[in-house]
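Dumped protein-v5.txt below, it's compact mmCIF, C-alpha atoms (C1' of nucleotides):
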# COMPACT_ATOMS: atom_id res chain seq x y z
CA MET A 1 -50.70 -79.91 5.42
CA ALA A 2 -49.24 -76.82 6.97
CA ARG A 3 -47.77 -73.44 6.34
CA THR A 4 -44.10 -73.12 5.30
CA LYS A 5 -41.51 -70.91 6.97
CA ARG A 6 -41.11 -67.51 5.36
CA PHE A 7 -37.39 -67.33 6.11
CA ASP A 8 -34.37 -69.51 5.39
CA GLU A 9 -33.44 -71.37 8.54
CA GLU A 10 -29.75 -71.63 7.68
CA GLU A 11 -29.48 -68.04 6.57
CA MET A 12 -31.03 -66.80 9.82
CA LEU A 13 -28.70 -69.01 11.83
CA HIS A 14 -25.83 -67.49 9.91
CA ASN A 15 -27.03 -63.98 10.76
CA ALA A 16 -27.43 -64.94 14.41
CA MET A 17 -23.86 -66.25 14.36
CA LEU A 18 -22.61 -62.94 13.03
CA LEU A 19 -24.50 -61.10 15.75
CA PHE A 20 -23.13 -63.25 18.59
CA TRP A 21 -19.71 -62.98 16.95
CA HIS A 22 -19.90 -59.19 17.11
CA LYS A 23 -21.43 -58.68 20.54
CA GLY A 24 -20.85 -61.88 22.47
CA TYR A 25 -23.41 -64.10 24.16
CA ASN A 26 -24.20 -61.96 27.20
CA GLY A 27 -23.94 -58.80 25.14
CA THR A 28 -26.76 -59.85 22.79
CA SER A 29 -30.39 -59.66 23.93
CA PRO A 30 -33.32 -61.53 22.38
CA GLN A 31 -34.74 -58.18 21.30
CA GLU A 32 -31.58 -57.39 19.34
CA ILE A 33 -31.75 -60.79 17.68
CA LEU A 34 -35.34 -60.18 16.61
CA ASP A 35 -34.50 -56.73 15.26
CA GLU A 36 -31.41 -57.91 13.43
CA LEU A 37 -32.88 -61.08 11.92
CA LYS A 38 -36.29 -59.47 11.34
CA LEU A 39 -37.96 -62.46 12.83
CA SER A 40 -41.01 -62.71 15.03
CA ARG A 41 -40.51 -63.80 18.61
CA SER A 42 -42.48 -66.98 18.11
CA SER A 43 -40.59 -67.93 14.97
CA LEU A 44 -37.32 -67.53 16.83
CA TYR A 45 -38.32 -69.69 19.79
CA ASP A 46 -40.22 -72.25 17.70
CA THR A 47 -37.31 -72.75 15.34
CA TYR A 48 -34.20 -72.49 17.47
CA GLY A 49 -35.33 -73.00 21.06
CA ASP A 50 -34.10 -70.54 23.66
CA LYS A 51 -31.25 -68.07 23.36
CA ARG A 52 -28.62 -70.47 24.60
CA SER A 53 -29.66 -73.19 22.13
CA LEU A 54 -29.44 -70.67 19.32
CA PHE A 55 -25.96 -69.74 20.47
CA ILE A 56 -24.82 -73.34 20.62
CA SER A 57 -26.21 -73.89 17.12
CA ALA A 58 -24.34 -70.83 15.90
CA LEU A 59 -21.11 -72.08 17.43
CA LYS A 60 -21.54 -75.46 15.80
CA ARG A 61 -22.26 -73.78 12.51
CA TYR A 62 -18.96 -71.91 12.81
CA ARG A 63 -17.17 -75.19 13.41
CA ASN A 64 -18.88 -76.84 10.46
CA THR A 65 -18.13 -74.02 8.06
CA VAL A 66 -15.14 -71.86 9.05
CA THR A 67 -13.11 -74.48 10.93
CA ALA A 68 -14.01 -77.18 8.44
CA GLU A 69 -12.86 -74.97 5.58
CA ILE A 70 -9.45 -74.41 7.19
CA ILE A 71 -9.03 -78.13 7.77
CA ALA A 72 -9.98 -78.88 4.16
CA PHE A 73 -7.61 -76.20 2.91
CA LEU A 74 -4.69 -77.68 4.86
CA ALA A 75 -5.48 -81.20 3.71
CA SER A 76 -5.57 -80.16 0.07
CA SER A 77 -2.41 -78.04 0.10
CA GLU A 78 0.76 -79.22 -1.57
CA ASN A 79 3.02 -76.37 -0.53
CA ILE A 80 2.64 -76.28 3.24
CA PRO A 81 4.72 -73.19 4.09
CA GLU A 82 2.77 -71.34 1.43
CA ALA A 83 -0.53 -72.60 2.86
CA LEU A 84 0.43 -71.44 6.34
CA LYS A 85 1.40 -68.06 5.01
CA THR A 86 -1.98 -67.81 3.31
CA LEU A 87 -3.78 -68.62 6.56
CA PHE A 88 -1.86 -65.92 8.40
CA GLN A 89 -2.55 -63.37 5.70
CA ARG A 90 -6.22 -64.25 5.72
CA THR A 91 -6.37 -63.93 9.49
CA LYS A 92 -4.71 -60.55 9.28
CA ALA A 93 -7.09 -59.39 6.55
CA GLN A 94 -10.16 -60.54 8.51
CA CYS A 95 -9.00 -58.63 11.57
CA PHE A 96 -9.34 -55.41 9.60
CA VAL A 97 -12.71 -56.00 7.96
CA GLY A 98 -14.87 -52.91 8.40
CA GLU A 99 -13.32 -51.58 11.63
CA ASP A 100 -15.13 -54.41 13.30
CA LYS A 101 -12.35 -55.99 15.28
CA ARG A 102 -14.59 -59.00 15.59
CA GLY A 103 -11.71 -61.49 15.87
CA CYS A 104 -12.55 -65.20 15.79
CA PHE A 105 -15.96 -66.38 16.97
CA MET A 106 -14.50 -69.50 18.56
CA VAL A 107 -11.86 -67.51 20.45
CA ASN A 108 -14.37 -64.88 21.58
CA SER A 109 -16.75 -67.57 22.80
CA LYS A 110 -14.19 -69.54 24.74
CA VAL A 111 -12.89 -66.43 26.45
CA GLU A 112 -16.39 -65.36 27.46
CA LEU A 113 -18.03 -68.69 28.25
CA ALA A 114 -15.80 -71.76 28.30
CA PRO A 115 -14.83 -71.46 32.00
CA HIS A 116 -18.48 -71.53 33.06
CA ASP A 117 -20.31 -73.47 30.35
CA GLU A 118 -19.58 -77.15 30.02
CA GLU A 119 -21.12 -77.51 26.57
CA VAL A 120 -19.24 -74.55 25.14
CA ALA A 121 -16.04 -75.87 26.71
CA THR A 122 -16.55 -79.20 24.95
CA ILE A 123 -17.19 -77.68 21.52
CA VAL A 124 -14.20 -75.40 21.92
CA LYS A 125 -11.93 -78.25 23.02
CA GLU A 126 -12.96 -80.48 20.14
CA ASN A 127 -12.48 -77.60 17.75
CA ARG A 128 -8.96 -77.06 19.06
CA GLU A 129 -8.09 -80.74 18.78
CA ALA A 130 -9.45 -81.03 15.25
CA LEU A 131 -7.45 -78.00 14.16
CA GLU A 132 -4.31 -79.24 15.90
CA ASN A 133 -4.61 -82.57 14.13
CA ALA A 134 -5.09 -80.90 10.77
CA PHE A 135 -2.06 -78.65 11.26
CA THR A 136 -0.01 -81.56 12.53
CA ALA A 137 -0.83 -83.72 9.50
CA ALA A 138 -0.05 -80.89 7.09
CA ILE A 139 3.25 -80.04 8.76
CA LYS A 140 4.20 -83.70 8.83
CA ARG A 141 3.63 -83.88 5.08
CA GLY A 142 5.61 -80.68 4.67
CA GLN A 143 8.51 -82.23 6.52
CA GLU A 144 8.34 -85.41 4.46
CA MET A 145 8.34 -83.33 1.29
CA GLY A 146 11.41 -81.45 2.54
CA GLN A 147 9.56 -78.14 2.76
CA ILE A 148 9.88 -77.83 6.52
CA SER A 149 12.86 -78.65 8.74
CA LYS A 150 12.55 -81.59 11.08
CA ASP A 151 14.04 -79.69 14.00
CA ASN A 152 10.69 -79.83 15.80
CA PRO A 153 8.00 -82.53 15.93
CA PRO A 154 5.03 -81.69 13.71
CA ARG A 155 2.59 -81.52 16.60
CA SER A 156 4.77 -79.05 18.49
CA LEU A 157 4.96 -76.84 15.42
CA ALA A 158 1.21 -77.14 14.95
CA ARG A 159 0.63 -75.88 18.48
CA PHE A 160 3.06 -73.04 17.97
CA ILE A 161 1.36 -71.99 14.74
CA MET A 162 -2.09 -72.06 16.32
CA ASN A 163 -0.84 -70.06 19.27
CA ASN A 164 0.27 -67.31 16.95
CA LEU A 165 -2.92 -67.36 14.90
CA TRP A 166 -4.98 -66.97 18.06
CA GLY A 167 -2.60 -64.33 19.33
CA LEU A 168 -3.33 -62.29 16.23
CA THR A 169 -7.05 -62.32 16.93
CA VAL A 170 -6.32 -60.93 20.39
CA HIS A 171 -3.97 -58.37 18.91
CA SER A 172 -6.77 -57.18 16.63
CA LYS A 173 -8.76 -56.24 19.76
CA SER A 174 -5.84 -54.26 21.17
CA GLY A 175 -5.68 -51.52 18.59
CA ALA A 176 -2.54 -52.91 16.98
CA ASP A 177 -1.85 -51.77 13.43
CA LYS A 178 -0.89 -53.88 10.43
CA LYS A 179 2.83 -53.52 11.03
CA VAL A 180 2.45 -55.38 14.28
CA PHE A 181 0.77 -58.21 12.40
CA ASP A 182 3.50 -58.25 9.77
CA ASP A 183 6.25 -58.52 12.38
CA ILE A 184 4.54 -61.41 14.12
CA ILE A 185 3.75 -63.28 10.92
CA ARG A 186 7.27 -62.88 9.57
CA ILE A 187 8.95 -64.21 12.71
CA THR A 188 6.44 -67.02 13.18
CA LEU A 189 6.90 -68.27 9.64
CA SER A 190 10.67 -68.03 9.97
CA VAL A 191 10.45 -70.93 12.42
CA ILE A 192 8.80 -73.06 9.72
CA LYS A 193 11.83 -73.55 7.54
CA MET B 1 -16.85 -34.90 60.98
CA ALA B 2 -18.35 -38.03 59.53
CA ARG B 3 -18.52 -41.75 59.76
CA THR B 4 -15.64 -43.80 58.32
CA LYS B 5 -16.01 -46.60 55.80
CA ARG B 6 -16.15 -50.05 57.35
CA PHE B 7 -14.32 -51.67 54.45
CA ASP B 8 -11.02 -51.13 52.69
CA GLU B 9 -11.68 -49.39 49.42
CA GLU B 10 -8.66 -50.86 47.64
CA GLU B 11 -9.29 -54.36 48.93
CA MET B 12 -12.89 -54.28 47.70
CA LEU B 13 -11.77 -52.98 44.33
CA HIS B 14 -9.34 -55.85 44.17
CA ASN B 15 -12.12 -58.33 44.92
CA ALA B 16 -14.33 -56.72 42.30
CA MET B 17 -11.48 -57.07 39.81
CA LEU B 18 -11.20 -60.79 40.57
CA LEU B 19 -14.94 -61.18 40.08
CA PHE B 20 -14.99 -59.40 36.69
CA TRP B 21 -11.90 -61.36 35.76
CA HIS B 22 -13.71 -64.62 36.42
CA LYS B 23 -17.10 -63.87 34.94
CA GLY B 24 -16.62 -60.94 32.57
CA TYR B 25 -18.42 -57.61 32.57
CA ASN B 26 -21.77 -58.69 31.17
CA GLY B 27 -21.61 -61.95 33.10
CA THR B 28 -21.45 -60.20 36.48
CA SER B 29 -24.59 -58.65 38.01
CA PRO B 30 -24.66 -55.97 40.72
CA GLN B 31 -26.26 -58.52 43.03
CA GLU B 32 -23.33 -60.87 42.60
CA ILE B 33 -20.93 -58.05 43.36
CA LEU B 34 -22.79 -57.23 46.57
CA ASP B 35 -22.83 -60.87 47.63
CA GLU B 36 -19.19 -61.43 46.81
CA LEU B 37 -17.82 -58.22 48.32
CA LYS B 38 -20.30 -58.28 51.22
CA LEU B 39 -21.05 -54.67 50.65
CA SER B 40 -24.32 -52.80 50.91
CA ARG B 41 -25.87 -51.48 47.75
CA SER B 42 -25.45 -47.89 48.79
CA SER B 43 -21.82 -48.35 49.77
CA LEU B 44 -21.11 -49.82 46.36
CA TYR B 45 -22.75 -47.00 44.41
CA ASP B 46 -21.53 -44.24 46.74
CA THR B 47 -17.95 -45.43 46.57
CA TYR B 48 -17.47 -46.64 43.03
CA GLY B 49 -20.28 -45.12 41.01
CA ASP B 50 -22.20 -47.43 38.71
CA LYS B 51 -21.23 -50.88 37.52
CA ARG B 52 -19.35 -49.65 34.49
CA SER B 53 -17.28 -47.18 36.55
CA LEU B 54 -16.37 -49.97 38.92
CA PHE B 55 -15.29 -52.10 36.00
CA ILE B 56 -13.15 -49.33 34.55
CA SER B 57 -11.54 -48.83 37.96
CA ALA B 58 -10.84 -52.55 38.19
CA LEU B 59 -9.25 -52.56 34.75
CA LYS B 60 -7.05 -49.62 35.67
CA ARG B 61 -6.10 -51.36 38.86
CA TYR B 62 -4.97 -54.37 36.85
CA ARG B 63 -2.84 -52.12 34.69
CA ASN B 64 -1.34 -50.40 37.73
CA THR B 65 -0.50 -53.63 39.51
CA VAL B 66 -0.13 -56.65 37.22
CA THR B 67 1.05 -54.87 34.06
CA ALA B 68 3.23 -52.49 36.05
CA GLU B 69 4.86 -55.42 37.82
CA ILE B 70 5.76 -57.09 34.52
CA ILE B 71 7.22 -53.86 33.20
CA ALA B 72 9.27 -53.39 36.37
CA PHE B 73 10.45 -56.99 36.23
CA LEU B 74 11.67 -56.58 32.65
CA ALA B 75 13.40 -53.30 33.43
CA SER B 76 15.25 -54.77 36.38
CA SER B 77 16.35 -58.01 34.68
CA GLU B 78 19.95 -58.57 33.70
CA ASN B 79 19.51 -61.90 31.93
CA ILE B 80 16.80 -61.20 29.37
CA PRO B 81 16.27 -64.68 27.91
CA GLU B 82 15.97 -65.95 31.47
CA ALA B 83 13.48 -63.20 32.32
CA LEU B 84 11.34 -64.05 29.29
CA LYS B 85 11.40 -67.70 30.22
CA THR B 86 10.23 -66.77 33.71
CA LEU B 87 7.33 -64.75 32.30
CA PHE B 88 6.23 -67.68 30.14
CA GLN B 89 6.46 -70.10 33.04
CA ARG B 90 4.47 -67.74 35.24
CA THR B 91 1.80 -67.35 32.56
CA LYS B 92 1.57 -71.10 32.21
CA ALA B 93 1.32 -71.57 35.98
CA GLN B 94 -1.41 -68.93 36.30
CA CYS B 95 -3.45 -70.63 33.58
CA PHE B 96 -3.76 -73.68 35.82
CA VAL B 97 -4.59 -72.00 39.11
CA GLY B 98 -7.55 -73.80 40.70
CA GLU B 99 -9.20 -75.11 37.52
CA ASP B 100 -10.21 -71.53 36.95
CA LYS B 101 -9.06 -70.96 33.40
CA ARG B 102 -9.41 -67.28 34.13
CA GLY B 103 -6.71 -66.23 31.65
CA CYS B 104 -5.63 -62.59 31.64
CA PHE B 105 -8.08 -59.90 32.74
CA MET B 106 -6.86 -57.46 30.10
CA VAL B 107 -7.23 -60.05 27.32
CA ASN B 108 -10.66 -61.14 28.54
CA SER B 109 -11.82 -57.54 28.71
CA LYS B 110 -10.62 -56.55 25.29
CA VAL B 111 -12.21 -59.59 23.68
CA GLU B 112 -15.54 -58.89 25.37
CA LEU B 113 -15.69 -55.10 25.28
CA ALA B 114 -13.00 -53.30 23.29
CA PRO B 115 -14.89 -53.37 19.97
CA HIS B 116 -17.88 -51.60 21.52
CA ASP B 117 -16.48 -49.55 24.39
CA GLU B 118 -14.26 -46.63 23.53
CA GLU B 119 -12.86 -46.22 27.02
CA VAL B 120 -11.98 -49.89 27.39
CA ALA B 121 -10.40 -49.80 23.94
CA THR B 122 -8.18 -46.90 25.02
CA ILE B 123 -7.02 -48.56 28.24
CA VAL B 124 -6.33 -51.78 26.41
CA LYS B 125 -4.40 -50.02 23.65
CA GLU B 126 -2.25 -48.07 26.11
CA ASN B 127 -1.62 -51.24 28.05
CA ARG B 128 -0.46 -52.98 24.91
CA GLU B 129 1.83 -50.13 23.94
CA ALA B 130 3.37 -49.87 27.40
CA LEU B 131 4.06 -53.59 27.42
CA GLU B 132 5.46 -53.53 23.90
CA ASN B 133 7.82 -50.72 24.87
CA ALA B 134 8.98 -52.57 27.96
CA PHE B 135 9.64 -55.78 26.02
CA THR B 136 11.37 -53.83 23.27
CA ALA B 137 13.71 -52.07 25.70
CA ALA B 138 14.56 -55.30 27.47
CA ILE B 139 15.22 -57.19 24.24
CA LYS B 140 17.34 -54.31 22.96
CA ARG B 141 19.44 -54.53 26.10
CA GLY B 142 19.62 -58.28 25.67
CA GLN B 143 20.94 -57.82 22.16
CA GLU B 144 23.49 -55.26 23.27
CA MET B 145 24.68 -57.64 25.99
CA GLY B 146 25.03 -60.40 23.40
CA GLN B 147 22.31 -62.55 24.98
CA ILE B 148 19.96 -62.33 22.01
CA SER B 149 20.76 -62.49 18.30
CA LYS B 150 20.31 -59.35 16.26
CA ASP B 151 18.57 -61.19 13.43
CA ASN B 152 15.35 -59.35 14.22
CA PRO B 153 14.69 -55.79 15.41
CA PRO B 154 13.88 -55.65 19.13
CA ARG B 155 10.38 -54.30 18.55
CA SER B 156 9.52 -57.11 16.15
CA LEU B 157 10.67 -59.65 18.68
CA ALA B 158 8.72 -57.88 21.42
CA ARG B 159 5.54 -58.18 19.36
CA PHE B 160 6.23 -61.82 18.64
CA ILE B 161 6.77 -62.56 22.33
CA MET B 162 3.58 -60.79 23.35
CA ASN B 163 1.63 -62.61 20.67
CA ASN B 164 2.68 -65.91 22.16
CA LEU B 165 1.98 -64.86 25.74
CA TRP B 166 -1.54 -63.84 24.76
CA GLY B 167 -1.95 -66.96 22.71
CA LEU B 168 -1.27 -68.99 25.85
CA THR B 169 -4.09 -67.28 27.71
CA VAL B 170 -6.43 -68.25 24.88
CA HIS B 171 -5.07 -71.78 24.90
CA SER B 172 -5.91 -72.02 28.61
CA LYS B 173 -9.56 -71.51 27.70
CA SER B 174 -9.44 -74.26 25.10
CA GLY B 175 -8.85 -77.19 27.39
CA ALA B 176 -5.22 -77.55 26.33
CA ASP B 177 -2.98 -79.46 28.73
CA LYS B 178 0.46 -78.47 30.01
CA LYS B 179 2.30 -80.28 27.22
CA VAL B 180 0.74 -77.90 24.73
CA PHE B 181 2.06 -74.99 26.74
CA ASP B 182 5.53 -76.55 26.96
CA ASP B 183 5.73 -77.03 23.18
CA ILE B 184 4.73 -73.45 22.50
CA ILE B 185 7.08 -71.98 25.10
CA ARG B 186 10.03 -74.04 23.89
CA ILE B 187 9.65 -73.04 20.25
CA THR B 188 8.91 -69.39 21.04
CA LEU B 189 12.01 -69.07 23.20
CA SER B 190 14.12 -70.81 20.56
CA VAL B 191 13.62 -67.74 18.39
CA ILE B 192 15.20 -65.59 21.11
CA LYS B 193 18.76 -66.76 20.70
C1' DA C 1 -62.80 -76.66 -1.54
C1' DT C 2 -61.86 -78.14 2.79
C1' DA C 3 -59.57 -79.74 6.70
C1' DT C 4 -55.48 -79.74 9.10
C1' DT C 5 -51.40 -78.30 10.64
C1' DT C 6 -47.88 -75.21 11.25
C1' DG C 7 -46.15 -70.36 11.04
C1' DC C 8 -46.62 -65.70 12.55
C1' DG C 9 -47.69 -61.23 15.21
C1' DG C 10 -47.82 -59.55 19.32
C1' DA C 11 -49.73 -59.40 24.06
C1' DA C 12 -48.41 -60.74 28.39
C1' DC C 13 -45.54 -62.07 32.18
C1' DA C 14 -42.11 -63.36 35.72
C1' DA C 15 -37.68 -62.53 36.97
C1' DA C 16 -33.49 -60.13 37.05
C1' DA C 17 -30.64 -56.08 36.19
C1' DG C 18 -29.32 -51.71 37.37
C1' DT C 19 -30.03 -47.72 40.00
C1' DT C 20 -31.96 -44.28 43.31
C1' DC C 21 -33.63 -42.73 47.52
C1' DC C 22 -34.54 -42.29 52.31
C1' DG C 23 -34.34 -43.03 57.15
C1' DT C 24 -31.12 -44.39 60.48
C1' DT C 25 -26.51 -44.89 62.45
C1' DA C 26 -21.90 -43.97 63.47
C1' DT C 27 -17.92 -41.03 63.94
C1' DA C 28 -14.79 -37.13 63.66
C1' DA C 29 -14.23 -32.42 64.71
C1' DT C 30 -15.60 -28.70 67.47
C1' DA D 1 -21.77 -33.33 74.47
C1' DT D 2 -23.19 -31.56 70.34
C1' DT D 3 -23.25 -31.10 65.61
C1' DA D 4 -22.29 -31.88 61.05
C1' DT D 5 -21.32 -35.09 57.74
C1' DA D 6 -20.83 -39.31 55.60
C1' DA D 7 -21.85 -44.48 55.74
C1' DC D 8 -25.06 -48.03 55.94
C1' DG D 9 -29.37 -51.07 55.30
C1' DG D 10 -32.75 -51.91 52.60
C1' DA D 11 -37.12 -50.53 50.35
C1' DA D 12 -38.54 -49.20 46.04
C1' DC D 13 -38.65 -48.43 41.25
C1' DT D 14 -37.79 -48.49 36.18
C1' DT D 15 -36.15 -50.96 32.51
C1' DT D 16 -34.57 -54.85 30.27
C1' DT D 17 -34.27 -59.78 29.71
C1' DG D 18 -35.87 -64.07 28.51
C1' DT D 19 -39.79 -66.72 27.62
C1' DT D 20 -44.65 -68.34 26.98
C1' DC D 21 -49.06 -68.22 25.17
C1' DC D 22 -52.94 -67.33 22.27
C1' DG D 23 -55.54 -66.15 18.30
C1' DC D 24 -55.32 -65.58 13.54
C1' DA D 25 -53.15 -66.54 8.91
C1' DA D 26 -51.49 -69.31 5.36
C1' DA D 27 -50.29 -73.26 2.79
C1' DT D 28 -50.33 -78.19 1.89
C1' DA D 29 -52.44 -82.53 1.12
C1' DT D 30 -56.56 -84.83 0.26

Write the structure described by the file as structure tokens, please.
Amino acid sequence: MARTKRFDEEEMLHNAMLLFWHKGYNGTSPQEILDELKLSRSSLYDTYGDKRSLFISALKRYRNTVTAEIIAFLASSENIPEALKTLFQRTKAQCFVGEDKRGCFMVNSKVELAPHDEEVATIVKENREALENAFTAAIKRGQEMGQISKDNPPRSLARFIMNNLWGLTVHSKSGADKKVFDDIIRITLSVIK
Amino acid sequence: MARTKRFDEEEMLHNAMLLFWHKGYNGTSPQEILDELKLSRSSLYDTYGDKRSLFISALKRYRNTVTAEIIAFLASSENIPEALKTLFQRTKAQCFVGEDKRGCFMVNSKVELAPHDEEVATIVKENREALENAFTAAIKRGQEMGQISKDNPPRSLARFIMNNLWGLTVHSKSGADKKVFDDIIRITLSVIK
DNA sequence: ATATTTGCGGAACAAAAGTTCCGTTATAAT
DNA sequence: ATTATAACGGAACTTTTGTTCCGCAAATAT
């Protein structure tokens, strides 16, 4: 009946996500999106709506892939302290990918937009709550398995862990070197004992 | 010899700082600056140069006032654990000023601009290093006075403390309530013993 | 093979962003 | 009081941003 799209919708959304991740919402113009995705103007607007809709879609994609993967990883881990260590190491490694200092897309977006954009604020809040619940459940299991001390309630520890993970993404924007990351990770994990 | 300015240069710079703090660099237009500061276009450009120069000046002002005040506070404190607790409580309190969720201007700026703006990256890096040195010196004194355990080197603890302070400013953008802050502060300070 | 429908290239456009310029006004020093 | 200099108000202008629209192209279903 009609012509088919000559690009992969999901792949383009992924590329748009990477672009917003790098340069922020207000720092990315439609022209840059077109150049980067190699898409025609009409294809962009027909497929994704306006710039803000595209951004919201990208943010949701991040939640459904990156965040979801972390939650799944926690849920499937048997050794919780080891799993947490892995997450910290991965965060550290990602902060040094290609001199990009891109940090975390969710953190970047909430810093730039959450105070003034209701929809972004909602996504960001739900993302935080979902992560907190996943960390809480994992830490609770860790405590029940005797891997983690019961000195602190699991939810408190979950919040503390997340605070340090997010702190690292800010540190990556501050020109901190790997030793700074190592110090922070070592002390943070020492609390989970 | 010539006419005098009808506004206070420092006061206007302060107001500009608050505006950038709220809405970010790319989120603030020259028109908004004029409206907010009640300044004529020519006065703005004659006095502060272009928008980017104004932003840089605002960032430096933050460093010379807010950051400098924290450094002075640490240097003048006798009870270090108490001083750290005060800083955390102040950070928490500021995160809930007027439903603003404005966070920390230095953190906001580095997340938005540091990866793509060399000059911002430099200011942000120097700010981080100055703060780290101030925390390190204070914690070292705290250890020497027997207020803080010597389990960890002072610089490592300094980095850990800063990571959690910055984490809180990110948490404030995530719709977290005060209980979240209290959990994080309690566990963080429990490491400083 | 044809009709139909959607995709695509790019022109076009309104609005805003960001800056400059100029004529007038005020004031400080002489 | 006069003069020199800087401040101010606002017009004006270029560029970019964000979006729409239109005509042609292509592919699918019949």

Practice problem: Point out the residue among B:Glu129, B:Glu78, B:Glu119, B:Glu11 with the least atom-to-atom distance to chain A, counting all atoms listed in the file. | Solution: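 Of all the options, B:Glu129 lies closest to chain A.
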
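Here is the contact set of chain C against chain A, at 7 Å and counting all atoms listed in the file: DT4, DT5, DT6, DG7, DC8 and DG9 of chain C.
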
Please dump the current selection as a compact mmCIF listing (two decimals), in the frame of the given file; keep C-alpha atoms (C1' of nucleotides).
# COMPACT_ATOMS: atom_id res chain seq x y z
C1' DT C 4 -55.48 -79.74 9.10
C1' DT C 5 -51.40 -78.30 10.64
C1' DT C 6 -47.88 -75.21 11.25
C1' DG C 7 -46.15 -70.36 11.04
C1' DC C 8 -46.62 -65.70 12.55
C1' DG C 9 -47.69 -61.23 15.21

Practice problem: Find the residues near region 111-116 of chain A: any atom within 7 Å, counting only C-alpha atoms (C1' of nucleotides), skip ones fewer than 6 places away on the same chain, and give them as an NGL selection string. | Solution: :B and (24 or 100-101 or 108 or 112 or 170 or 173)

Quiz item: Which residue gives the smallest distance to chain B among D:DT16, D:DT28, D:DC8, D:DA1, with only C-alpha atoms (C1' of nucleotides) counted?
Solution: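 Among the listed residues, the smallest separation from chain B belongs to D:DC8.
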
Practice problem: Name the closest residue to Ala83 (chain A) among the candidates A:Lys60, A:Lys193, A:Met162, A:Ile70; distances are taken between atoms, counting only C-alpha atoms. | Solution: A:Ile70

Exercise. Identify which of the residues A:Val120, A:Leu74, A:Leu168, A:Ile80 lies closest to chain B, counting only C-alpha atoms when measuring atom-to-atom distances.
Key: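 Ranked by minimum distance to chain B, first place goes to A:Leu168.
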
Quiz item: Given a cut-off of 7 Å, which residues of chain D touch chain B, counting all atoms listed in the file, written out as a list in words?
Solution: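 The contacting residues on chain D are DA4, DT5, DA6, DA7, DC8 and DG9 of chain D.
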
Quiz prompt | Expected answer as a PyMOL selection string: chain A residues within 6 Å of chain B, only C-alpha atoms | solution = chain A and resi 26+101+110+115+124-125+156+160+163-164+166-167+173-175+183-184

Quiz item: Please, what distance in Å, to one decimal, runs between CA of Leu34 (chain A) and CA of Asp50 (chain A)?
Solution: 12.6 Å

Once 6 Å is added on each side, what centre and edge lengths in Å to one decimal does the axis-aligned box around all listed atoms of region 13-25 of chain D have, as lines of an AutoDock Vina configuration file?
center_x = -44.9
center_y = -58.4
center_z = 25.1
size_x = 33.3
size_y = 31.9
size_z = 44.3

Quiz item: Excluding same-chain residues fewer than 5 positions from Leu37 (chain A), what lies within 9 Å of it counting all atoms listed in the file, as a list in words?
Solution: Met12, Leu13, Asn15, Ala16 and Glu32 of chain A

Quiz prompt | Given all atoms listed in the file as the counted atoms, nearest of D:DA12, D:DG18, D:DG23, D:DA29 to DT20 (chain C) | solution =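 Nearest candidate to DT20 (chain C) out of D:DA12, D:DG18, D:DG23, D:DA29: D:DA12.
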
Exercise. Give me, please, the distance in Å between CA of Asp117 (chain A) and CA of Leu131 (chain A), quoted to one decimal.
Key: 21.2 Å

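Across the structure, CA of Ala130 (chain A) and CA of Arg63 (chain A) are spaced 9.9 Å apart.
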
Quiz item: Using only C-alpha atoms (C1' of nucleotides), which residues sit within 10 Å of DG18 (chain C) once same-chain residues fewer than 3 positions away are excluded, as a PyMOL selection string?
Solution: (chain B and resi 29-31+50-51) or (chain D and resi 14-16)

Requested write-out: C-alpha atoms (C1' of nucleotides) of the selected residues, as a PDB file, keeping the file's coordinate frame:
ATOM      1  CA  SER B  29     -24.590 -58.650  38.010  1.00  0.00           C
ATOM      2  CA  PRO B  30     -24.660 -55.970  40.720  1.00  0.00           C
ATOM      3  CA  GLN B  31     -26.260 -58.520  43.030  1.00  0.00           C
ATOM      4  CA  ASP B  50     -22.200 -47.430  38.710  1.00  0.00           C
ATOM      5  CA  LYS B  51     -21.230 -50.880  37.520  1.00  0.00           C
TER       6      LYS B  51
ATOM      7  C1'  DT D  14     -37.790 -48.490  36.180  1.00  0.00           C
ATOM      8  C1'  DT D  15     -36.150 -50.960  32.510  1.00  0.00           C
ATOM      9  C1'  DT D  16     -34.570 -54.850  30.270  1.00  0.00           C
TER      10       DT D  16
END

Quiz item: Pick the closest to Val66 (chain A) from A:Arg141, A:His14, A:Lys38, A:Lys178: which is it, counting only C-alpha atoms?
Solution: A:His14

Practice problem: Kindly provide, as a PyMOL selection string, the polymer residues lying within 8 Å of (-36.9, -48.7, 50.6), counting only C-alpha atoms (C1' of nucleotides) and using the coordinates exactly as they appear in the file. | Solution: (chain C and resi 21-22) or (chain D and resi 10-12)

Write a file of the selected residues as a PDB file, in the coordinates of the input, keeping C-alpha atoms (C1' of nucleotides).
ATOM      1  C1'  DC C  21     -33.630 -42.730  47.520  1.00  0.00           C
ATOM      2  C1'  DC C  22     -34.540 -42.290  52.310  1.00  0.00           C
TER       3       DC C  22
ATOM      4  C1'  DG D  10     -32.750 -51.910  52.600  1.00  0.00           C
ATOM      5  C1'  DA D  11     -37.120 -50.530  50.350  1.00  0.00           C
ATOM      6  C1'  DA D  12     -38.540 -49.200  46.040  1.00  0.00           C
TER       7       DA D  12
END

Practice problem: Compile the contact shell of DT20 (chain D) as a ChimeraX atom specification: residues with an atom at most 10 Å away, counting all atoms listed in the file, same-chain residues fewer than 3 positions apart removed. | Solution: /A:42,45 /C:12-13
